[in-house]
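Let me begin by presenting the structure, written as structure tokens, before commenting on it.
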Amino acid sequence: ASAEAALDRAANERALRQERDDLAALFENIPDPAVETRMEDGQPIVERVNSAFEETFGYTDGELRGENVDEYVVPGDHENEAVAYNERVEAGKGFHGEVRRRTSDGLRDFILNVVAHNDGGTETRGYAIYTDITEQKQRERELQRQNLRIEALHGVTKKMKTATDRSDIYDIVIDAAEKILAFDICLIDEIEDDILVPKAVGSGMSLEDYYDETPIDRENNLGAETARTRETLVVDDLRDSRYAPANFEYRSALSLPLDDWGVFQAVAEEEAAFPAADRQLAELLAEHATAAINRQERERELQERADELAKQNERLDKFASIVSHDLRNPLSVARGRLDLARMTGDEEHYRAVERAHERMDELVSGLLTLARQGELNSDPVPVELRSAAAQAWRTVETGDLELVTGDAPTVEADPERLRQLLENLFTNAAEHGDGATTVTVGRLDDGFYVADDGVGIPADERGGIFQSGRSSTEGGTGLGLVIVETVAEAHGWTVSATESEAGGARFEFRNTSDEPAA
């Protein structure tokens with residue numbers, strides 16, 4: 001019996017050794033880092049680690065045996081979490097969850113699986129396996145960061161909707177590129193006559209720091225190529241490329257088109273500073289900026305059309321008002337005299353009817369001219385005012401008046417409309433400039449003037465002389481100066497009446513575009 005018992009014990013021992021050997025082989029061959037610990041006073045003391053653990057964490061089995069594993073691998077800001085895990089293991093509950101640990105490659109993320117085991121004694125062992133999920137967590141964090149940046153860019157879009165001009169949008173784009181995309185150096189160019197012209201730069205530089213205006217046909221320029229191709233370009237190393245950087249310190253660059261009118265560029269002093277995610281967000285920002293500026297242009301065009309329509313309606317209202325009022329008098333005269341002529345046969349009444357018809361013809365001609373003056377016949381071109389004045393002078397009855405055009409400038413004007421403006425001014429001088437001997441056309445710093453040496457216009461009447469129907473002579477249409485003002489406005493000029501050096505009337509025309517007369 002004793003021999004049989006001895007054989008059984010030997011067999012059991014062999015089975016236990018085999019089980020331990022199998023477990024040891026399994027433990028060693030687990031592909032993930034693994035550690036066996038025993039719990040002593042709440043601390044996980046290392047019994048053994050596998051080779052994957054040694055390779056990942058940089059410590060050998062000999063270095064860790066008998067040591068608290070947490071002191072080697074748990075980051076300082078995660079110690080409280082580790083204490084909570086150890087309490088669960090000591091209570092025999094085990095643990096499964098995400099943790100961050102110090103490794104030979106720095107901090108990495110793991111799924112930690114801990115199985116607690118107690119064979120009935122007072123000692124609890126733990127078997128922990130670390131599954132590396134660092135790349136997955138990095139992708140999740142990058143995705144979260146990307147989503148936050150996209151959300152921030154949508155907020156930028158709302159700001160762009162309140163911008164009133166391009167410069168405001170450029171400032172918003174530069175600010176977003178710096179604060180949301182973390183671009184250090186960025187620039188916005190506009191294309192003007194096939195030239196890239198810098199319009200806005202990052203907060204850490206000025207326009208003078210960047211390159212000069214660049215033709216878009218320049219072959220070794222990244223921005224010029226973007227303007228030509230309207231494609232986004234990324235260069236990871238400018239020194240190893242065919243592009244010439246504005247500064248030798250710039251190593252990588254991102255360049256993308258702003259529709260067909262501009263280019264946004266960003267550069268960095270590090271290589272490969274613009275990964276795909278940054279490129280995508282920069283393109284999104286550029287799309288927002290392009291949409292906002294195109295919206296501004298549409299709104300500007302609509303406003304210009306609305307303003308022009310309002311002017312046209314104003315002219316039509318003025319036309320209708322004058323027609324209904326000014327034509328009524330000669331029409332009434334004609335009807336009354338025609339009745340008298342029929343009753344009496346007196347030829348004088350027929351002559352009065354003829355004069356009334358002539359008066360109506362004058363009014364209709366003037367009104368038609370007024371209705372057409374709000375639009376130019378052709379695009380403005382350089383016109384020598386001396387020549388235009390001489391032509392207009394020949395078509396007006398000016399009596400003994402003399403025309404002086406000594407320093408008359410060249411102006412940008414519709415030649416036909418300018419002639420009509422001058423004709424009305426010369427007629428005004430001939431009909432209203434009592435005692436006038438000379439009409440002068442001269443130069444202003446920002447325009448020109450027409451003046452006479454007659455009696456002038458009383459100061460308290462100058463404000464109303466451009467109103468329709470105002471005439472100081474019997475039989476006048478009161479439309480001459482209205483036509484003058486309308487032609488001036490069509491050219492973008494202002495017109496004002498003042499006193500000439502000789503005490504007569506002087507009409508000053510100034511260019512509101514701030515372009516001086518030649």
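Every chain in the structure tokens has a letter given in the order shown (A, B, ...), and although residue numbers restart at 1 in each chain, ligands are simply numbered from 1 in the order shown.
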
Per residue of region 108-177 of chain A within 10 Å of region 93-96 of chain A, record the nearest atom pair and its distance in Å to one decimal, counting only C-alpha atoms, with rows in chain order and ascending residue number, as a tab-separated table.
residue	atom	partner	partner_atom	distance
A:Ile111	CA	A:His96	CA	7.1
A:Leu112	CA	A:His96	CA	5.6
A:Asn113	CA	A:His96	CA	4.6
A:Val114	CA	A:Phe95	CA	5.0
A:Val115	CA	A:Gly94	CA	4.8
A:Ala116	CA	A:Gly94	CA	4.9
A:His117	CA	A:Gly94	CA	8.6
A:Gly126	CA	A:Gly94	CA	7.7
A:Tyr127	CA	A:Gly94	CA	9.0
A:Ala128	CA	A:Phe95	CA	8.9
A:Ile129	CA	A:His96	CA	9.8

### Query
Quick one: residues within 8 Å of Ala429 (chain A), only C-alpha atoms counted, chain neighbours fewer than 4 positions away excluded, as number ranges by chain?
A: 425, 433, 436, 439, 452, 454

Sorted by chain and rising residue number, list the residues of region 220-301 of chain A at most 9 Å from region 165-177 of chain A (counting only C-alpha atoms), each with its closest atom pair and distance in Å to one decimal, as a Markdown table.
| residue | atom | partner | partner_atom | distance |
| --- | --- | --- | --- | --- |
| A:Ala266 | CA | A:Ala177 | CA | 8.7 |
| A:Ala282 | CA | A:Ala177 | CA | 7.6 |
| A:Leu285 | CA | A:Val173 | CA | 7.1 |
| A:Ala286 | CA | A:Val173 | CA | 7.9 |
| A:Ala289 | CA | A:Ile169 | CA | 6.7 |
| A:Ala292 | CA | A:Ile169 | CA | 7.6 |
| A:Ile293 | CA | A:Arg166 | CA | 6.3 |
| A:Gln296 | CA | A:Asp165 | CA | 7.0 |

Would you output that residue set with N, CA and C atoms, as a short mmCIF file (atom, residue, chain, number, x, y, z; two decimals), in the first residue's frame?
data_model
loop_
_atom_site.label_atom_id
_atom_site.label_comp_id
_atom_site.auth_asym_id
_atom_site.auth_seq_id
_atom_site.Cartn_x
_atom_site.Cartn_y
_atom_site.Cartn_z
N ALA A 266 0.75 78.96 -46.34
CA ALA A 266 1.30 78.83 -44.99
C ALA A 266 2.65 78.15 -45.11
N ALA A 282 -7.47 73.30 -43.86
CA ALA A 282 -7.12 74.54 -44.55
C ALA A 282 -7.99 74.73 -45.79
N LEU A 285 -11.34 75.88 -44.59
CA LEU A 285 -11.28 77.31 -44.25
C LEU A 285 -11.29 78.16 -45.51
N ALA A 286 -10.54 77.74 -46.52
CA ALA A 286 -10.50 78.49 -47.78
C ALA A 286 -11.87 78.49 -48.46
N ALA A 289 -13.99 81.00 -46.71
CA ALA A 289 -13.59 82.37 -47.06
C ALA A 289 -14.05 82.72 -48.48
N ALA A 292 -17.75 83.35 -48.48
CA ALA A 292 -18.09 84.63 -47.83
C ALA A 292 -17.78 85.81 -48.75
N ILE A 293 -16.63 85.77 -49.41
CA ILE A 293 -16.25 86.88 -50.29
C ILE A 293 -17.13 86.91 -51.53
N GLN A 296 -20.23 88.50 -50.50
CA GLN A 296 -20.07 89.94 -50.43
C GLN A 296 -20.16 90.58 -51.81
#

### Message
Residues near Gln136 (chain A), anyone? I mean within 12 Å using only C-alpha atoms, not counting same-chain ones fewer than 2 positions away, as a ChimeraX atom specification.
### Response
/A:98,108-111,131-134,138-143

Using only C-alpha atoms, tabulate the residues of region 99-195 of chain A lying at most 12 Å from any atom of region 209-232 of chain A, each with its closest atom pair and that distance in Å to one decimal, by chain and increasing residue number, as JSON lines.
{"residue": "A:Ile185", "atom": "CA", "partner": "A:Tyr210", "partner_atom": "CA", "distance": 10.3}
{"residue": "A:Cys186", "atom": "CA", "partner": "A:Tyr210", "partner_atom": "CA", "distance": 10.0}
{"residue": "A:Leu187", "atom": "CA", "partner": "A:Tyr210", "partner_atom": "CA", "distance": 8.5}
{"residue": "A:Ile188", "atom": "CA", "partner": "A:Gly223", "partner_atom": "CA", "distance": 9.8}
{"residue": "A:Asp189", "atom": "CA", "partner": "A:Gly223", "partner_atom": "CA", "distance": 8.4}
{"residue": "A:Glu190", "atom": "CA", "partner": "A:Ala227", "partner_atom": "CA", "distance": 9.4}
{"residue": "A:Ile191", "atom": "CA", "partner": "A:Ala227", "partner_atom": "CA", "distance": 7.8}
{"residue": "A:Glu192", "atom": "CA", "partner": "A:Pro215", "partner_atom": "CA", "distance": 9.4}
{"residue": "A:Asp193", "atom": "CA", "partner": "A:Pro215", "partner_atom": "CA", "distance": 8.9}
{"residue": "A:Asp194", "atom": "CA", "partner": "A:Ile216", "partner_atom": "CA", "distance": 5.7}
{"residue": "A:Ile195", "atom": "CA", "partner": "A:Pro215", "partner_atom": "CA", "distance": 4.3}

Could you write those residues out with C-alpha atoms, as a short mmCIF file (atom, residue, chain, number, x, y, z; two decimals), in the first residue's frame?
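Output file selection-v4.cif follows:
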data_model
loop_
_atom_site.label_atom_id
_atom_site.label_comp_id
_atom_site.auth_asym_id
_atom_site.auth_seq_id
_atom_site.Cartn_x
_atom_site.Cartn_y
_atom_site.Cartn_z
CA ILE A 185 3.32 81.90 -40.80
CA CYS A 186 0.55 82.50 -43.32
CA LEU A 187 -0.32 84.90 -46.12
CA ILE A 188 -3.20 85.82 -48.43
CA ASP A 189 -2.52 87.10 -51.97
CA GLU A 190 -4.98 88.54 -54.46
CA ILE A 191 -4.52 88.17 -58.21
CA GLU A 192 -4.49 91.60 -59.85
CA ASP A 193 -3.70 91.76 -63.57
CA ASP A 194 -1.95 88.35 -63.36
CA ILE A 195 0.13 89.54 -60.40
#

#### Entry: All strand (DSSP E) positions in region 73-278 of chain A, as a PyMOL selection string
chain A and resi 95-103+106-117+125-132+185-192+195-201+214-215+233-235+252-258+262-268

Store the residues picked out above in a file with C-alpha atoms, as a PDB file, in the first residue's frame.
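Dumped everything to again_32.pdb:
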ATOM      1  CA  PHE A  95      -9.788  44.156 -13.452  1.00  0.00           C
ATOM      2  CA  HIS A  96     -10.415  44.987 -17.148  1.00  0.00           C
ATOM      3  CA  GLY A  97     -10.008  48.499 -18.543  1.00  0.00           C
ATOM      4  CA  GLU A  98      -7.892  51.118 -20.281  1.00  0.00           C
ATOM      5  CA  VAL A  99      -4.698  52.339 -18.610  1.00  0.00           C
ATOM      6  CA  ARG A 100      -1.665  54.438 -19.512  1.00  0.00           C
ATOM      7  CA  ARG A 101       1.803  53.153 -18.651  1.00  0.00           C
ATOM      8  CA  ARG A 102       5.453  54.197 -18.922  1.00  0.00           C
ATOM      9  CA  THR A 103       7.331  52.126 -21.490  1.00  0.00           C
ATOM     10  CA  GLY A 106       7.462  56.694 -23.507  1.00  0.00           C
ATOM     11  CA  LEU A 107       3.815  56.773 -22.425  1.00  0.00           C
ATOM     12  CA  ARG A 108       1.574  54.275 -24.185  1.00  0.00           C
ATOM     13  CA  ASP A 109      -2.051  53.176 -23.863  1.00  0.00           C
ATOM     14  CA  PHE A 110      -3.117  49.601 -23.005  1.00  0.00           C
ATOM     15  CA  ILE A 111      -6.102  47.411 -22.282  1.00  0.00           C
ATOM     16  CA  LEU A 112      -5.202  45.835 -18.934  1.00  0.00           C
ATOM     17  CA  ASN A 113      -6.684  42.439 -18.073  1.00  0.00           C
ATOM     18  CA  VAL A 114      -5.944  41.209 -14.537  1.00  0.00           C
ATOM     19  CA  VAL A 115      -7.109  37.812 -13.296  1.00  0.00           C
ATOM     20  CA  ALA A 116      -7.014  37.376  -9.522  1.00  0.00           C
ATOM     21  CA  HIS A 117      -6.313  33.900  -8.088  1.00  0.00           C
ATOM     22  CA  ARG A 125      -1.877  36.295  -7.060  1.00  0.00           C
ATOM     23  CA  GLY A 126      -2.590  38.386 -10.090  1.00  0.00           C
ATOM     24  CA  TYR A 127      -1.962  37.606 -13.733  1.00  0.00           C
ATOM     25  CA  ALA A 128      -1.910  40.808 -15.795  1.00  0.00           C
ATOM     26  CA  ILE A 129      -1.803  41.082 -19.585  1.00  0.00           C
ATOM     27  CA  TYR A 130      -1.243  44.423 -21.371  1.00  0.00           C
ATOM     28  CA  THR A 131      -2.706  44.792 -24.881  1.00  0.00           C
ATOM     29  CA  ASP A 132      -1.250  47.860 -26.624  1.00  0.00           C
ATOM     30  CA  ILE A 185       3.322  81.897 -40.801  1.00  0.00           C
ATOM     31  CA  CYS A 186       0.546  82.500 -43.323  1.00  0.00           C
ATOM     32  CA  LEU A 187      -0.320  84.903 -46.119  1.00  0.00           C
ATOM     33  CA  ILE A 188      -3.196  85.818 -48.432  1.00  0.00           C
ATOM     34  CA  ASP A 189      -2.522  87.103 -51.968  1.00  0.00           C
ATOM     35  CA  GLU A 190      -4.983  88.542 -54.461  1.00  0.00           C
ATOM     36  CA  ILE A 191      -4.524  88.171 -58.205  1.00  0.00           C
ATOM     37  CA  GLU A 192      -4.494  91.598 -59.849  1.00  0.00           C
ATOM     38  CA  ILE A 195       0.135  89.538 -60.401  1.00  0.00           C
ATOM     39  CA  LEU A 196       0.023  88.052 -56.882  1.00  0.00           C
ATOM     40  CA  VAL A 197      -0.345  91.005 -54.516  1.00  0.00           C
ATOM     41  CA  PRO A 198      -0.002  90.335 -50.734  1.00  0.00           C
ATOM     42  CA  LYS A 199      -3.109  91.545 -48.877  1.00  0.00           C
ATOM     43  CA  ALA A 200      -2.891  89.992 -45.403  1.00  0.00           C
ATOM     44  CA  VAL A 201      -0.226  88.258 -43.301  1.00  0.00           C
ATOM     45  CA  THR A 214       4.790  88.071 -57.950  1.00  0.00           C
ATOM     46  CA  PRO A 215       3.730  87.391 -61.553  1.00  0.00           C
ATOM     47  CA  LEU A 233       0.048  72.113 -53.272  1.00  0.00           C
ATOM     48  CA  VAL A 234       1.992  70.745 -50.279  1.00  0.00           C
ATOM     49  CA  VAL A 235       5.788  70.718 -50.088  1.00  0.00           C
ATOM     50  CA  SER A 252       7.710  73.161 -45.667  1.00  0.00           C
ATOM     51  CA  ALA A 253       4.754  74.915 -47.264  1.00  0.00           C
ATOM     52  CA  LEU A 254       1.051  74.662 -48.009  1.00  0.00           C
ATOM     53  CA  SER A 255      -0.508  76.654 -50.869  1.00  0.00           C
ATOM     54  CA  LEU A 256      -4.147  76.541 -51.909  1.00  0.00           C
ATOM     55  CA  PRO A 257      -6.366  78.578 -54.256  1.00  0.00           C
ATOM     56  CA  LEU A 258      -9.064  81.040 -53.252  1.00  0.00           C
ATOM     57  CA  GLY A 262      -6.452  84.663 -54.749  1.00  0.00           C
ATOM     58  CA  VAL A 263      -4.092  82.266 -52.959  1.00  0.00           C
ATOM     59  CA  PHE A 264      -3.675  81.293 -49.291  1.00  0.00           C
ATOM     60  CA  GLN A 265      -0.221  80.112 -48.208  1.00  0.00           C
ATOM     61  CA  ALA A 266       1.301  78.827 -44.988  1.00  0.00           C
ATOM     62  CA  VAL A 267       4.939  77.968 -44.291  1.00  0.00           C
ATOM     63  CA  ALA A 268       6.827  76.390 -41.400  1.00  0.00           C
TER      64      ALA A 268
END

### Task
Could you find all residues in region 165-394 of chain A that DSSP calls alpha helix (DSSP H) from the backbone, and write them as an MDAnalysis selection string?
chainID A and resid 166:179 222:229 276:326 328:344 347:372 385:394

So that I can check the surroundings of Glu67 (chain A), please list as an mmCIF file with N, CA and C atoms, in the first residue's frame every protein, DNA and RNA residue that reaches within 9 Å of it, counting only C-alpha atoms and ignoring chain neighbours fewer than 5 positions away.
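Just written: around_2.cif:
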data_model
loop_
_atom_site.group_PDB
_atom_site.id
_atom_site.type_symbol
_atom_site.label_atom_id
_atom_site.label_comp_id
_atom_site.auth_asym_id
_atom_site.auth_seq_id
_atom_site.Cartn_x
_atom_site.Cartn_y
_atom_site.Cartn_z
ATOM 1 N N PRO A 44 1.493 45.104 -5.644
ATOM 2 C CA PRO A 44 1.699 43.984 -6.563
ATOM 3 C C PRO A 44 3.197 43.693 -6.718
ATOM 4 N N ILE A 45 3.660 42.634 -6.088
ATOM 5 C CA ILE A 45 5.069 42.271 -6.124
ATOM 6 C C ILE A 45 5.294 41.274 -7.262
ATOM 7 N N VAL A 46 6.302 41.557 -8.089
ATOM 8 C CA VAL A 46 6.536 40.765 -9.295
ATOM 9 C C VAL A 46 7.080 39.391 -8.939
ATOM 10 N N GLU A 47 6.427 38.363 -9.504
ATOM 11 C CA GLU A 47 6.923 36.993 -9.451
ATOM 12 C C GLU A 47 7.705 36.684 -10.734
ATOM 13 N N TYR A 72 7.522 50.990 -11.319
ATOM 14 C CA TYR A 72 8.292 51.010 -12.555
ATOM 15 C C TYR A 72 7.473 51.466 -13.773
#

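Pairwise distance (CA of Met160 (chain A), CA of Ala291 (chain A)) equals 9.3 Å.
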
### Task
Compile the contact shell of Thr440 (chain A) as an MDAnalysis selection string: residues with an atom at most 8 Å away, counting only C-alpha atoms, same-chain residues fewer than 4 positions apart removed.
chainID A and resid 403:405 449:452
